[in-house]
Amino acid sequence: MTDPTFHLELQEHEKTFLDSNELIINMGPQHPATHGVLRVILKLDGEKVLGTECVIGYLHRGVEKIAEHRTYTMFNPYVDRMDYVAAVSNGLGYCESVEKLLNVEAPPRAKYIRVILAELNRLASHMLWLGTHALDIGAITPLFYTFRDREEILKIFEKYCGARLTTHAFRIGGCLYETYEGFEREVKKFLEFVTPKIGEYEELLTTNRIWVERTKGVGTISAKDCIALGVTGPVLRASGVKWDIRKAQPYAAYADFDFEVPIGQSGDTYDRYIVRMEEMRQSLRIIAQAIDRIPEGPIMARVPKVIKPPVGEIYHSIEAPKGELGYFIVSDGSTQPYRVRVRPPSFVNLQALDLMVRDQLVADVIAVIGTLDIVLGEVDR
Amino acid sequence: MQPVATTFFFYFLSGLTLVAGILVITRRNPVHSALALILALLGQAGLYLMLYAPFVAGVQIILYAGGIMVLFLFVIMLVNIEKSQKEEQFNKQWVVGILAAVALGVLFVLVYTKGKSLFPERVAQLPEQSNTQEIAVMLYGNYMFTFEIASLLLLVAIIGAVVMAKKRI
Amino acid sequence: MLNYIKSYLDSTTTPGQAGNMFWASVYILLIFLGLSVAVIAMNWLERKILAHMQVRLGPMRVGPHGLLQPIADAIKLLIKEDIMPSQADGFVFWVAPIIVVITAFTVFIVVPFGPTHAVTDMNIGVLFMLGVSSLSVLGIVMAGWASNSHYPLMGALRSSAQMVSYEIAMGLAVVSAVLMTSLNQTGTGTLSMIGIVQSQQAQQVWFAFKFFPLGLIAFFVFAVAMVAETNRAPFDLPEAESELTAGFHTEYSGFRWSLFFLAEYSAMIAVSSIAVTLWLGGWLRPFPHLLSGSTWDVVFSLLPGITFLLLGLIALVGVFRMPKHPYFRVQTIGLAGFGVVLGLIGLLLFLPPVRGRIQDIFWFSAKVAFFMYLYIWYRGTFPRYRFDQLMKVGWKVLLPVGIGVLILTAVAGVLL
Amino acid sequence: MVPITTLHYLVVAAALFVLGVIGVLTRRNVVIVLMSIELILNAVNLNLVAFSRIYGLHGQIFAIFVITDAAAEAAVGLGILIAFFRNKETVNMDEVDLLKW
């Protein structure tokens, strides 16, 4: 194959079994297990991976450039389209960044609503991850269980803001919508509903021999490598680094809640699975606390009708389900941002793919792509 | 179980075997050759059945067609055949080779026709229903020593194949 | 004419042994027909059972409860464009699915559905079945190679390695069952499928429970190896969807693809029938000695009819649960008709002359159906093995266990 | 119709043997040469089984041993082929002109 983008060089000791031509296969962009339109060029010796190269950009929409031609308010819905399975977190990050730039703060009730929705969204994102990850490894049933339960979350979103996926739930300065009648009751009911379901998933997978064999020791990445590559989120935590922005630099109302940051030790796929499962439980804890303590009051701060932040720049990041989601916004004092740069967790985490799959088998590439939990909308923006 | 239409099946199966044999040695693509060889082996298994040797026929199918030929196909896929397909297929002594082989064949036929009287035309009554049992009794009785040697041979072959094929042991 | 048929029905050998070409052809046609129906039913059942395991409904639109879905699928596959990659090796590409199908159907020549219900009884029955079903790997390898594409090639290589390695464990398990057949007065065993069942009858025990737990272990080894042999989950690496898109049949479409599909399901039925014959007593009814006597015989002989009546009843319950909307009228009538047909079959099976003759076939099919359910269950439960782990299971677990069981069975056979 | 006698089988076996010898002597592709050797072995087998019709089961036993031998031969031969291919990047018989490398 003469692909101009392909420039993997074989090291001397990495000669193939027969010293014959190594197999180069294109995994994607049309492949059932690359979670969208990721193209991975694999250099194989039989089944062993000698090297990989990710080709991205098939879903590039120029979100960052679009921002320069939209007002701050108009750009808000666009961020939902980046990580479309965790749209609430994207919106939360963007709104908080602009609020920081404007120097306003959302009222407490709005912050609590934001936390509840963001954590629900984290649950939804992790459920989708679990289903597709298990599907990649060959267990087809968990997908349907997680989709069944994710549906309940999406129903809550729909009732709250009318949209299921790209919610556009928050506005700069707070929330647009007051919670609907019976919101608290429904969220509580959902918590009761979903707690045993997480046990159900774990029952199917955690002690399943094949699952353990397929995930233990696969795609191992050390804490040092994680930090060097800028990997964040559950992937970093599974390698043993206790770094969660919700704890480290609390935003929204996270400082008020009591929750654990689960960490793993070996940084393999199994640890990442355990960390995410535990994170789902912690999310339930946060939601339960928030729903109990949610204060009364206004949901919108006093924000000018036309948002014109002072000249300056701001970097603000939040803990999205997939890792650190950061917004770097440069304002030139006009109604439109001069530059918006998004630090998407999926994009940064995807860099670790090559390191994690070298010398492993083709089946592990699938497992690792699944465990990195990438969303191509966010990688390509 | 009496074979039906013996004459027809004999000519059909032996014709199949011979045509497949010709294909084996003439095809340019080794995979096609291997396919033809499988066909020849299966045709021969049919001939064995007609000769009241069902066990040998079963072994032929399971070992030859199912085992050895898979090995062949495996190796053909491992080695790069595109290059060898473009090369000259027959070597320089092919005329001499064919002549020698045909001479050998003529010799065989001459021996058979001249020496026809040497072996009896009668057919031994072999117990077809208990063929497998009889073979087992002989294999573990008269031929015990040979059987052990065959196992040793297989062991040697396993080790030899590993030594040959593996780059670093 | 009727007398002729009746005289055959009362014969005591298989048509092949009797040298009766006509009845042998009839049997072959019947098996072909039955197998096609079984594959269609299996397709529907797999989709429905898997769907209900996964909290969804499965096909519901084509026919009542999607009963006509497999037929719709078949029509779709037949009229689909038959694509052949331009760089493919045309002849091999064409012949590969045919080889797979032929091998999958040929093995049914020796499958005994009853003491006389087999096309023929071969002296080398088990060997023949194993041998011919191992030929299907050739078709798979050829399909993968001829597609001239990387994913199918990897699928083919995986498949050949997998099938060749699991055949060994499978063969060892089979040998330990064949050893058990020789534990009679004459001391001679048999490889014939009918002979194996008859020796289970004579020894009054299914081989799965003989020399407990040895027979059970051998049965377990075979049950695992047979799943690997048919490339089904959790050993479905050659066609692992999330890894190799579809493995060896990635480039196949339309009719040729449906041949692979047909072959896969009939191979599943074939290996299940080997397992049933060797370990679960073939056509013998359960508890022939615990619940013996003419009363129990009658009770067990009523079971086939009762089963069909029950199925018909389920269909009729479904009729009452159908929505009352006029759109569903045709479907409701269809389901009612299906239920009535099943019920009529059930009633037919109560007739004494039919009852006596159909029993063997019923018990054999019921046992095979149990294995088919297991296949679906595995698929709904297990993740997929990785290639090296698959090899590890085959060579480091099943093979030593198989050898151990073989040795212990021989020792037990001599001592006990 | 002439009844099929042992001689008929022997002639078929001889023809198969000749085909195998032609393949060994004329082809350059090592894989096909190995396959021709299989043909020769099969011709021998057919002979043995045909004679076992006359002289009893010994021929069939010998055929089984020959099949065992063929399996061993194929394994070692293909192993040599792989080793050869690794060194020379070809499967051409004429290139096999070194005993050691």
# chains A, B, ... in the order shown; residues from 1 in each chain; ligands from 1
call {"tool": "residues_around", "arguments": {"residues": "range 220-226 of chain A", "least_positions_apart": "4", "cutoff": "9 Å", "atoms": "only C-alpha atoms", "output": "ChimeraX atom specification"}}
result
/A:216,230-232,235-241,266-269,349,352,355-357
call {"tool": "write_last_selection", "arguments": {"atoms": "N, CA, C and O atoms", "output": "PDB file, in the first residue's frame"}}
result
ATOM      1  N   LYS A 216      -7.632  -8.231  31.207  1.00  0.00           N
ATOM      2  CA  LYS A 216      -6.487  -8.099  32.135  1.00  0.00           C
ATOM      3  C   LYS A 216      -5.186  -8.091  31.345  1.00  0.00           C
ATOM      4  O   LYS A 216      -4.948  -8.952  30.496  1.00  0.00           O
ATOM      5  N   GLY A 230      -0.464  13.310  28.307  1.00  0.00           N
ATOM      6  CA  GLY A 230      -1.594  14.178  28.623  1.00  0.00           C
ATOM      7  C   GLY A 230      -2.904  13.443  28.706  1.00  0.00           C
ATOM      8  O   GLY A 230      -3.968  14.038  28.576  1.00  0.00           O
ATOM      9  N   VAL A 231      -2.833  12.138  28.922  1.00  0.00           N
ATOM     10  CA  VAL A 231      -4.064  11.357  29.027  1.00  0.00           C
ATOM     11  C   VAL A 231      -4.758  11.694  30.335  1.00  0.00           C
ATOM     12  O   VAL A 231      -4.116  11.851  31.366  1.00  0.00           O
ATOM     13  N   THR A 232      -6.072  11.858  30.270  1.00  0.00           N
ATOM     14  CA  THR A 232      -6.808  12.230  31.474  1.00  0.00           C
ATOM     15  C   THR A 232      -8.015  11.319  31.634  1.00  0.00           C
ATOM     16  O   THR A 232      -8.235  10.422  30.834  1.00  0.00           O
ATOM     17  N   VAL A 235      -8.922   6.831  32.177  1.00  0.00           N
ATOM     18  CA  VAL A 235      -7.724   6.138  31.708  1.00  0.00           C
ATOM     19  C   VAL A 235      -6.557   6.473  32.618  1.00  0.00           C
ATOM     20  O   VAL A 235      -5.773   5.603  33.018  1.00  0.00           O
ATOM     21  N   LEU A 236      -6.434   7.746  32.970  1.00  0.00           N
ATOM     22  CA  LEU A 236      -5.351   8.174  33.852  1.00  0.00           C
ATOM     23  C   LEU A 236      -5.553   7.597  35.244  1.00  0.00           C
ATOM     24  O   LEU A 236      -4.621   7.094  35.869  1.00  0.00           O
ATOM     25  N   ARG A 237      -6.789   7.644  35.720  1.00  0.00           N
ATOM     26  CA  ARG A 237      -7.055   7.170  37.077  1.00  0.00           C
ATOM     27  C   ARG A 237      -6.822   5.665  37.196  1.00  0.00           C
ATOM     28  O   ARG A 237      -6.369   5.176  38.221  1.00  0.00           O
ATOM     29  N   ALA A 238      -7.109   4.940  36.116  1.00  0.00           N
ATOM     30  CA  ALA A 238      -6.896   3.491  36.176  1.00  0.00           C
ATOM     31  C   ALA A 238      -5.419   3.166  36.268  1.00  0.00           C
ATOM     32  O   ALA A 238      -5.045   2.090  36.720  1.00  0.00           O
ATOM     33  N   SER A 239      -4.557   4.121  35.871  1.00  0.00           N
ATOM     34  CA  SER A 239      -3.128   3.876  35.980  1.00  0.00           C
ATOM     35  C   SER A 239      -2.607   4.267  37.356  1.00  0.00           C
ATOM     36  O   SER A 239      -1.414   4.181  37.600  1.00  0.00           O
ATOM     37  N   GLY A 240      -3.484   4.737  38.211  1.00  0.00           N
ATOM     38  CA  GLY A 240      -3.087   4.977  39.585  1.00  0.00           C
ATOM     39  C   GLY A 240      -2.862   6.424  39.951  1.00  0.00           C
ATOM     40  O   GLY A 240      -2.338   6.716  41.019  1.00  0.00           O
ATOM     41  N   VAL A 241      -3.224   7.354  39.074  1.00  0.00           N
ATOM     42  CA  VAL A 241      -3.060   8.762  39.395  1.00  0.00           C
ATOM     43  C   VAL A 241      -4.397   9.314  39.865  1.00  0.00           C
ATOM     44  O   VAL A 241      -5.398   9.200  39.144  1.00  0.00           O
ATOM     45  N   SER A 266      -2.954  -1.157  37.809  1.00  0.00           N
ATOM     46  CA  SER A 266      -2.087  -1.624  36.730  1.00  0.00           C
ATOM     47  C   SER A 266      -2.307  -0.850  35.426  1.00  0.00           C
ATOM     48  O   SER A 266      -1.483  -0.932  34.533  1.00  0.00           O
ATOM     49  N   GLY A 267      -3.397  -0.128  35.325  1.00  0.00           N
ATOM     50  CA  GLY A 267      -3.614   0.638  34.110  1.00  0.00           C
ATOM     51  C   GLY A 267      -3.933  -0.216  32.911  1.00  0.00           C
ATOM     52  O   GLY A 267      -3.628   0.147  31.782  1.00  0.00           O
ATOM     53  N   ASP A 268      -4.519  -1.386  33.115  1.00  0.00           N
ATOM     54  CA  ASP A 268      -4.925  -2.183  31.968  1.00  0.00           C
ATOM     55  C   ASP A 268      -6.428  -2.014  31.720  1.00  0.00           C
ATOM     56  O   ASP A 268      -7.105  -1.264  32.423  1.00  0.00           O
ATOM     57  N   THR A 269      -6.887  -2.696  30.718  1.00  0.00           N
ATOM     58  CA  THR A 269      -8.276  -2.500  30.315  1.00  0.00           C
ATOM     59  C   THR A 269      -9.256  -2.901  31.425  1.00  0.00           C
ATOM     60  O   THR A 269     -10.281  -2.264  31.617  1.00  0.00           O
ATOM     61  N   ASN A 349      -6.598  11.425  24.474  1.00  0.00           N
ATOM     62  CA  ASN A 349      -6.469  10.028  24.894  1.00  0.00           C
ATOM     63  C   ASN A 349      -6.135   9.113  23.727  1.00  0.00           C
ATOM     64  O   ASN A 349      -5.465   8.112  23.889  1.00  0.00           O
ATOM     65  N   ALA A 352      -2.667   7.765  22.945  1.00  0.00           N
ATOM     66  CA  ALA A 352      -2.058   6.650  23.671  1.00  0.00           C
ATOM     67  C   ALA A 352      -2.265   5.330  22.952  1.00  0.00           C
ATOM     68  O   ALA A 352      -1.669   4.334  23.325  1.00  0.00           O
ATOM     69  N   LEU A 355       0.867   3.395  21.705  1.00  0.00           N
ATOM     70  CA  LEU A 355       1.668   2.886  22.815  1.00  0.00           C
ATOM     71  C   LEU A 355       1.017   1.661  23.445  1.00  0.00           C
ATOM     72  O   LEU A 355       1.684   0.718  23.853  1.00  0.00           O
ATOM     73  N   MET A 356      -0.317   1.697  23.514  1.00  0.00           N
ATOM     74  CA  MET A 356      -1.013   0.637  24.245  1.00  0.00           C
ATOM     75  C   MET A 356      -1.134  -0.649  23.455  1.00  0.00           C
ATOM     76  O   MET A 356      -1.257  -1.713  24.034  1.00  0.00           O
ATOM     77  N   VAL A 357      -1.141  -0.568  22.124  1.00  0.00           N
ATOM     78  CA  VAL A 357      -1.403  -1.792  21.363  1.00  0.00           C
ATOM     79  C   VAL A 357      -0.167  -2.391  20.723  1.00  0.00           C
ATOM     80  O   VAL A 357      -0.242  -3.460  20.153  1.00  0.00           O
TER      81      VAL A 357
END
call {"tool": "residues_around", "arguments": {"residues": "Ala33 in chain A", "least_positions_apart": "5", "cutoff": "8 Å", "atoms": "only C-alpha atoms", "output": "number ranges by chain"}}
result
A: 136, 366, 370; C: 242-243
call {"tool": "residues_around", "arguments": {"residues": "range 222-225 of chain C", "least_positions_apart": "2", "cutoff": "8 Å", "atoms": "only C-alpha atoms", "output": "PyMOL selection string"}}
result
chain C and resi 166-167+169-170+173-174+218-220+227-229+275+394+398
call {"tool": "write_last_selection", "arguments": {"atoms": "N, CA, C and O atoms", "output": "short mmCIF file (atom, residue, chain, number, x, y, z; two decimals), in the first residue's frame"}}
result
data_model
loop_
_atom_site.label_atom_id
_atom_site.label_comp_id
_atom_site.auth_asym_id
_atom_site.auth_seq_id
_atom_site.Cartn_x
_atom_site.Cartn_y
_atom_site.Cartn_z
N TYR C 166 -8.84 -27.84 17.32
CA TYR C 166 -9.93 -28.36 18.15
C TYR C 166 -10.37 -29.74 17.70
O TYR C 166 -10.98 -30.47 18.47
N GLU C 167 -10.03 -30.07 16.43
CA GLU C 167 -10.37 -31.40 15.96
C GLU C 167 -9.68 -32.47 16.81
O GLU C 167 -10.23 -33.55 17.03
N ALA C 169 -8.76 -32.39 20.08
CA ALA C 169 -9.46 -32.60 21.34
C ALA C 169 -10.78 -33.33 21.11
O ALA C 169 -11.16 -34.24 21.85
N MET C 170 -11.43 -32.93 20.03
CA MET C 170 -12.70 -33.54 19.69
C MET C 170 -12.53 -35.04 19.42
O MET C 170 -13.27 -35.87 19.95
N ALA C 173 -11.96 -37.01 22.59
CA ALA C 173 -13.20 -37.22 23.34
C ALA C 173 -14.04 -38.30 22.68
O ALA C 173 -14.60 -39.17 23.35
N VAL C 174 -14.08 -38.26 21.35
CA VAL C 174 -14.86 -39.27 20.63
C VAL C 174 -14.29 -40.66 20.88
O VAL C 174 -15.02 -41.62 21.13
N ALA C 218 -15.54 -36.18 29.20
CA ALA C 218 -15.33 -36.33 27.76
C ALA C 218 -16.42 -35.60 26.99
O ALA C 218 -16.16 -34.91 26.00
N PHE C 219 -17.63 -35.71 27.50
CA PHE C 219 -18.75 -35.02 26.86
C PHE C 219 -18.54 -33.51 26.89
O PHE C 219 -18.77 -32.81 25.91
N PHE C 220 -18.03 -33.04 28.02
CA PHE C 220 -17.78 -31.60 28.16
C PHE C 220 -16.70 -31.14 27.17
O PHE C 220 -16.84 -30.12 26.51
N VAL C 227 -18.29 -26.36 19.71
CA VAL C 227 -18.62 -24.95 19.50
C VAL C 227 -17.51 -24.27 18.71
O VAL C 227 -17.75 -23.48 17.81
N ALA C 228 -16.26 -24.62 19.07
CA ALA C 228 -15.13 -24.05 18.34
C ALA C 228 -15.11 -24.54 16.90
O ALA C 228 -14.75 -23.81 15.99
N GLU C 229 -15.49 -25.79 16.72
CA GLU C 229 -15.46 -26.41 15.41
C GLU C 229 -16.45 -25.73 14.46
O GLU C 229 -16.22 -25.64 13.27
N ALA C 275 -22.78 -35.38 19.16
CA ALA C 275 -22.75 -35.37 20.62
C ALA C 275 -23.91 -36.16 21.19
O ALA C 275 -23.76 -36.95 22.12
N GLY C 394 -7.48 -24.69 23.66
CA GLY C 394 -7.51 -25.91 22.86
C GLY C 394 -6.36 -26.85 23.20
O GLY C 394 -6.56 -28.03 23.42
N LEU C 398 -8.03 -28.49 26.80
CA LEU C 398 -8.88 -29.56 26.28
C LEU C 398 -8.07 -30.79 25.88
O LEU C 398 -8.48 -31.92 26.12
#
call {"tool": "interface_residues", "arguments": {"of": "chain B", "to": "chain C", "cutoff": "10 Å", "atoms": "only C-alpha atoms", "output": "short mmCIF file (atom, residue, chain, number, x, y, z; two decimals) with C-alpha atoms, in the first residue's frame"}}
result
data_model
loop_
_atom_site.label_atom_id
_atom_site.label_comp_id
_atom_site.auth_asym_id
_atom_site.auth_seq_id
_atom_site.Cartn_x
_atom_site.Cartn_y
_atom_site.Cartn_z
CA MET B 1 -23.45 -53.22 1.92
CA GLN B 2 -23.00 -54.24 -1.71
CA PRO B 3 -21.58 -51.55 -3.96
CA VAL B 4 -23.98 -50.70 -6.76
CA VAL B 31 -3.83 -23.25 -4.62
CA HIS B 32 -5.56 -24.67 -7.66
CA LEU B 35 -7.69 -28.16 -4.77
CA ILE B 38 -7.96 -32.78 -2.65
CA PRO B 54 -13.82 -48.32 4.60
CA PHE B 55 -11.41 -47.63 7.41
CA VAL B 56 -8.62 -46.65 5.05
CA ALA B 57 -11.10 -44.47 3.20
CA GLY B 58 -12.08 -42.74 6.45
CA VAL B 59 -8.44 -42.24 7.40
CA GLN B 60 -7.76 -40.92 3.91
CA ILE B 61 -10.49 -38.30 4.28
CA ILE B 62 -9.77 -37.25 7.83
CA LEU B 63 -5.98 -37.27 7.63
CA TYR B 64 -5.15 -36.48 4.05
CA ALA B 65 -7.95 -34.25 2.89
CA GLY B 66 -8.73 -32.74 6.29
CA GLY B 67 -5.26 -32.55 7.80
CA MET B 69 -4.09 -30.52 2.73
CA VAL B 70 -4.98 -27.84 5.24
CA LEU B 71 -1.31 -27.74 6.12
CA LEU B 73 -2.99 -24.56 1.96
CA PHE B 74 -1.69 -22.88 5.09
CA MET B 77 -0.85 -18.75 1.95
CA LEU B 78 2.19 -18.02 4.08
CA GLU B 128 -16.49 -55.77 5.42
CA GLN B 129 -18.79 -55.20 8.38
CA SER B 130 -16.01 -55.70 10.91
CA ASN B 131 -13.25 -54.17 8.83
CA THR B 132 -12.36 -51.61 11.48
CA GLN B 133 -12.19 -54.20 14.24
CA GLU B 134 -10.00 -56.49 12.14
CA VAL B 137 -6.64 -56.29 16.00
#
call {"tool": "closest_atom_pairs", "arguments": {"of": "chain B", "to": "chain D", "cutoff": "6 Å", "atoms": "only C-alpha atoms", "output": "CSV"}}
result
residue,atom,partner,partner_atom,distance
B:Ile25,CA,D:Gly23,CA,5.1
B:Gln89,CA,D:Arg28,CA,5.8
B:Phe90,CA,D:Arg27,CA,4.7
B:Asn91,CA,D:Thr26,CA,5.5
B:Trp94,CA,D:Thr26,CA,4.7
B:Gly97,CA,D:Leu25,CA,5.2
B:Ile98,CA,D:Ile22,CA,5.5
B:Ala101,CA,D:Val18,CA,5.5
B:Gly105,CA,D:Val18,CA,5.7
B:Val123,CA,D:Ile54,CA,5.0
B:Ala124,CA,D:Ile54,CA,4.9
B:Leu154,CA,D:Ala72,CA,5.6
B:Ala157,CA,D:Ala72,CA,5.1
B:Gly160,CA,D:Val76,CA,5.9
B:Ala161,CA,D:Val76,CA,4.7
B:Met164,CA,D:Gly79,CA,5.0
B:Ala165,CA,D:Gly79,CA,4.8
call {"tool": "interface_residues", "arguments": {"of": "chain A", "to": "chain C", "cutoff": "6 Å", "atoms": "only C-alpha atoms", "output": "list in words"}}
result
Pro32, Ala33, Asp136, Ile137, Gly138, Ala139, Thr141 and Phe144 of chain A
call {"tool": "decode", "arguments": {"residues": "range 11-19 of chain D", "atoms": "all heavy atoms", "output": "PDB file, in the first residue's frame"}}
result
ATOM      1  N   VAL D  11      -3.662 -50.517 -12.824  1.00  0.00           N
ATOM      2  CA  VAL D  11      -3.362 -49.601 -13.932  1.00  0.00           C
ATOM      3  C   VAL D  11      -3.624 -48.158 -13.498  1.00  0.00           C
ATOM      4  O   VAL D  11      -2.821 -47.246 -13.770  1.00  0.00           O
ATOM      5  CB  VAL D  11      -4.193 -49.980 -15.172  1.00  0.00           C
ATOM      6  CG1 VAL D  11      -4.052 -48.908 -16.233  1.00  0.00           C
ATOM      7  CG2 VAL D  11      -3.738 -51.313 -15.716  1.00  0.00           C
ATOM      8  N   VAL D  12      -4.723 -47.950 -12.810  1.00  0.00           N
ATOM      9  CA  VAL D  12      -4.997 -46.592 -12.313  1.00  0.00           C
ATOM     10  C   VAL D  12      -3.871 -46.139 -11.405  1.00  0.00           C
ATOM     11  O   VAL D  12      -3.363 -45.007 -11.513  1.00  0.00           O
ATOM     12  CB  VAL D  12      -6.349 -46.562 -11.561  1.00  0.00           C
ATOM     13  CG1 VAL D  12      -6.539 -45.211 -10.906  1.00  0.00           C
ATOM     14  CG2 VAL D  12      -7.480 -46.846 -12.508  1.00  0.00           C
ATOM     15  N   ALA D  13      -3.426 -47.022 -10.516  1.00  0.00           N
ATOM     16  CA  ALA D  13      -2.352 -46.668  -9.594  1.00  0.00           C
ATOM     17  C   ALA D  13      -1.084 -46.330 -10.359  1.00  0.00           C
ATOM     18  O   ALA D  13      -0.395 -45.359 -10.047  1.00  0.00           O
ATOM     19  CB  ALA D  13      -2.111 -47.816  -8.620  1.00  0.00           C
ATOM     20  N   ALA D  14      -0.797 -47.127 -11.395  1.00  0.00           N
ATOM     21  CA  ALA D  14       0.403 -46.860 -12.182  1.00  0.00           C
ATOM     22  C   ALA D  14       0.321 -45.500 -12.851  1.00  0.00           C
ATOM     23  O   ALA D  14       1.274 -44.720 -12.841  1.00  0.00           O
ATOM     24  CB  ALA D  14       0.578 -47.960 -13.228  1.00  0.00           C
ATOM     25  N   ALA D  15      -0.865 -45.192 -13.408  1.00  0.00           N
ATOM     26  CA  ALA D  15      -1.024 -43.895 -14.074  1.00  0.00           C
ATOM     27  C   ALA D  15      -0.813 -42.758 -13.090  1.00  0.00           C
ATOM     28  O   ALA D  15      -0.141 -41.761 -13.378  1.00  0.00           O
ATOM     29  CB  ALA D  15      -2.414 -43.821 -14.699  1.00  0.00           C
ATOM     30  N   LEU D  16      -1.380 -42.927 -11.890  1.00  0.00           N
ATOM     31  CA  LEU D  16      -1.239 -41.895 -10.865  1.00  0.00           C
ATOM     32  C   LEU D  16       0.229 -41.734 -10.476  1.00  0.00           C
ATOM     33  O   LEU D  16       0.735 -40.617 -10.314  1.00  0.00           O
ATOM     34  CB  LEU D  16      -2.069 -42.315  -9.652  1.00  0.00           C
ATOM     35  CG  LEU D  16      -2.748 -41.220  -8.860  1.00  0.00           C
ATOM     36  CD1 LEU D  16      -3.592 -40.364  -9.773  1.00  0.00           C
ATOM     37  CD2 LEU D  16      -3.600 -41.835  -7.785  1.00  0.00           C
ATOM     38  N   PHE D  17       0.918 -42.864 -10.373  1.00  0.00           N
ATOM     39  CA  PHE D  17       2.336 -42.846 -10.023  1.00  0.00           C
ATOM     40  C   PHE D  17       3.126 -42.078 -11.073  1.00  0.00           C
ATOM     41  O   PHE D  17       3.947 -41.221 -10.748  1.00  0.00           O
ATOM     42  CB  PHE D  17       2.835 -44.289  -9.923  1.00  0.00           C
ATOM     43  CG  PHE D  17       4.184 -44.429  -9.319  1.00  0.00           C
ATOM     44  CD1 PHE D  17       4.326 -44.600  -7.954  1.00  0.00           C
ATOM     45  CD2 PHE D  17       5.329 -44.395 -10.105  1.00  0.00           C
ATOM     46  CE1 PHE D  17       5.571 -44.716  -7.395  1.00  0.00           C
ATOM     47  CE2 PHE D  17       6.573 -44.507  -9.551  1.00  0.00           C
ATOM     48  CZ  PHE D  17       6.703 -44.675  -8.182  1.00  0.00           C
ATOM     49  N   VAL D  18       2.830 -42.369 -12.340  1.00  0.00           N
ATOM     50  CA  VAL D  18       3.540 -41.691 -13.424  1.00  0.00           C
ATOM     51  C   VAL D  18       3.287 -40.189 -13.362  1.00  0.00           C
ATOM     52  O   VAL D  18       4.203 -39.375 -13.506  1.00  0.00           O
ATOM     53  CB  VAL D  18       3.116 -42.284 -14.784  1.00  0.00           C
ATOM     54  CG1 VAL D  18       3.629 -41.424 -15.913  1.00  0.00           C
ATOM     55  CG2 VAL D  18       3.639 -43.687 -14.916  1.00  0.00           C
ATOM     56  N   LEU D  19       2.032 -39.826 -13.108  1.00  0.00           N
ATOM     57  CA  LEU D  19       1.719 -38.395 -13.007  1.00  0.00           C
ATOM     58  C   LEU D  19       2.547 -37.750 -11.896  1.00  0.00           C
ATOM     59  O   LEU D  19       3.124 -36.667 -12.076  1.00  0.00           O
ATOM     60  CB  LEU D  19       0.233 -38.208 -12.705  1.00  0.00           C
ATOM     61  CG  LEU D  19      -0.722 -38.387 -13.874  1.00  0.00           C
ATOM     62  CD1 LEU D  19      -2.153 -38.245 -13.398  1.00  0.00           C
ATOM     63  CD2 LEU D  19      -0.435 -37.351 -14.934  1.00  0.00           C
TER      64      LEU D  19
END
